[in-house]
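*Asks:* Dropping a structure here in structure tokens format, bear with me for questions.
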Amino acid sequence: MTLSLNDKKTIVGEVSSIAQDSIAAVTAEYRGLTVSQMNKMRRTARERGVYLRVVRNTLTRLAIRNTRFECLHDTLTGPLVVAFSKDSPSAPARMIKEFCKEFEALKVRALAVDGQLYDAKQLDAVATLPNKEEALATLLSVMQAPISKFVRTLAATPQKLVWTLVAVREQKEQQ
């Protein structure tokens with residue numbers, strides 16, 4: 001399908017604005033996937049807040065120019081799908097990792113998180129990064145631990161005093 005110049009400009013503008021606001025991106029070769037498999041990926045991406053798009057590599061190169069994803073420039077060869085995430089650095093990596101297990105034809109080419117390029121071998125490391133809610137929960141539990149230990153320590157002293165008084169009373173009652 002031939003695109004007009006205006007269509008190309010629209011696509012570049014859309015992908016560029018998404019890339020400006022995103023913190024992570026994954027590129028994967030989709031050669032061999034069926035239309036229904038691609039539609040399933042698109043549906044899942046929408047549900048998870050991941051922008052997923054098949055874009056010509058030349059248009060993608062233009063769109064990521066002067067963004068933190070310019071590091072992907074040399075990896076853009078072959079039929080690629082590009083996934084961007086604004087919220088979680090691991091969201092596109094998790095989604096693509098799941099689909100790589102389900103669809104053997106899908107091959108990760110590269111990923112980038114906040115301007116740092118990673119190769120396909122590091123997909124698992126990026127996919128296991130906690131999302132915002134998980135990171136906040138971990139931080140909260142780490143911050144809460146010293147406070148709860150301090151409260152237990154403060155409560156232990158009066159508790160030991162009470163146990164000592166009970167022991168003294170029982171000893172006097174036995175005499």
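Each chain in the structure tokens gets a letter, A, B, ..., in the order shown, and its residues are numbered from 1; ligands are numbered from 1 in order too.
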Using only C-alpha atoms, which protein or nucleic acid residues come within 12 Å of region 46-48 of chain A? Drop anything in the same chain fewer than 4 positions from it, and give the result as a PDB file with C-alpha atoms, in the first residue's frame.
*Replies:*
ATOM      1  CA  ASN A  39      -4.832  -8.419  16.362  1.00  0.00           C
ATOM      2  CA  LYS A  40      -4.490 -10.268  19.667  1.00  0.00           C
ATOM      3  CA  MET A  41      -1.232  -8.393  20.338  1.00  0.00           C
ATOM      4  CA  ARG A  42      -2.864  -5.057  19.511  1.00  0.00           C
ATOM      5  CA  LEU A  52       1.893  -0.929  19.536  1.00  0.00           C
ATOM      6  CA  ARG A  53       2.321  -0.083  15.874  1.00  0.00           C
ATOM      7  CA  ALA A  83       5.874  -1.017  21.339  1.00  0.00           C
ATOM      8  CA  PHE A  84       6.113   2.105  23.531  1.00  0.00           C
ATOM      9  CA  SER A  85       5.096   2.655  27.144  1.00  0.00           C
ATOM     10  CA  LYS A  86       4.563   5.948  28.943  1.00  0.00           C
ATOM     11  CA  ASP A  87       4.002   4.577  32.438  1.00  0.00           C
ATOM     12  CA  SER A  88       6.096   1.485  33.091  1.00  0.00           C
ATOM     13  CA  SER A  90       8.790  -2.994  31.870  1.00  0.00           C
ATOM     14  CA  ALA A  91       5.291  -2.983  30.322  1.00  0.00           C
ATOM     15  CA  PRO A  92       6.250  -3.406  26.641  1.00  0.00           C
ATOM     16  CA  ALA A  93       8.973  -5.908  27.542  1.00  0.00           C
ATOM     17  CA  ARG A  94       6.545  -7.998  29.612  1.00  0.00           C
ATOM     18  CA  MET A  95       3.949  -7.992  26.877  1.00  0.00           C
ATOM     19  CA  ILE A  96       6.377  -8.878  24.086  1.00  0.00           C
ATOM     20  CA  ASN A 131       5.891  -1.502  37.733  1.00  0.00           C
TER      21      ASN A 131
END
*Asks:* Quick check for you: according to DSSP on this backbone, which residues of chain A are classed as strand (DSSP E)? Reply as a PyMOL selection string.
*Replies:* chain A and resi 24-29+50-54+80-85+107-113+116-119
*Asks:* Would you mind telling me which residue in A:Gly13, A:Cys71, A:Leu117, A:Pro89 lies nearest to Lys132 (chain A) when using only C-alpha atoms?
*Replies:* A:Pro89
*Asks:* Considering only C-alpha atoms, state which residue in the set A:Thr44, A:Gln122, A:Asn57, A:Ser148 is at the smallest distance from Val82 (chain A).
*Replies:*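 Ranking A:Thr44, A:Gln122, A:Asn57, A:Ser148 by distance to Val82 (chain A), first place goes to A:Asn57.
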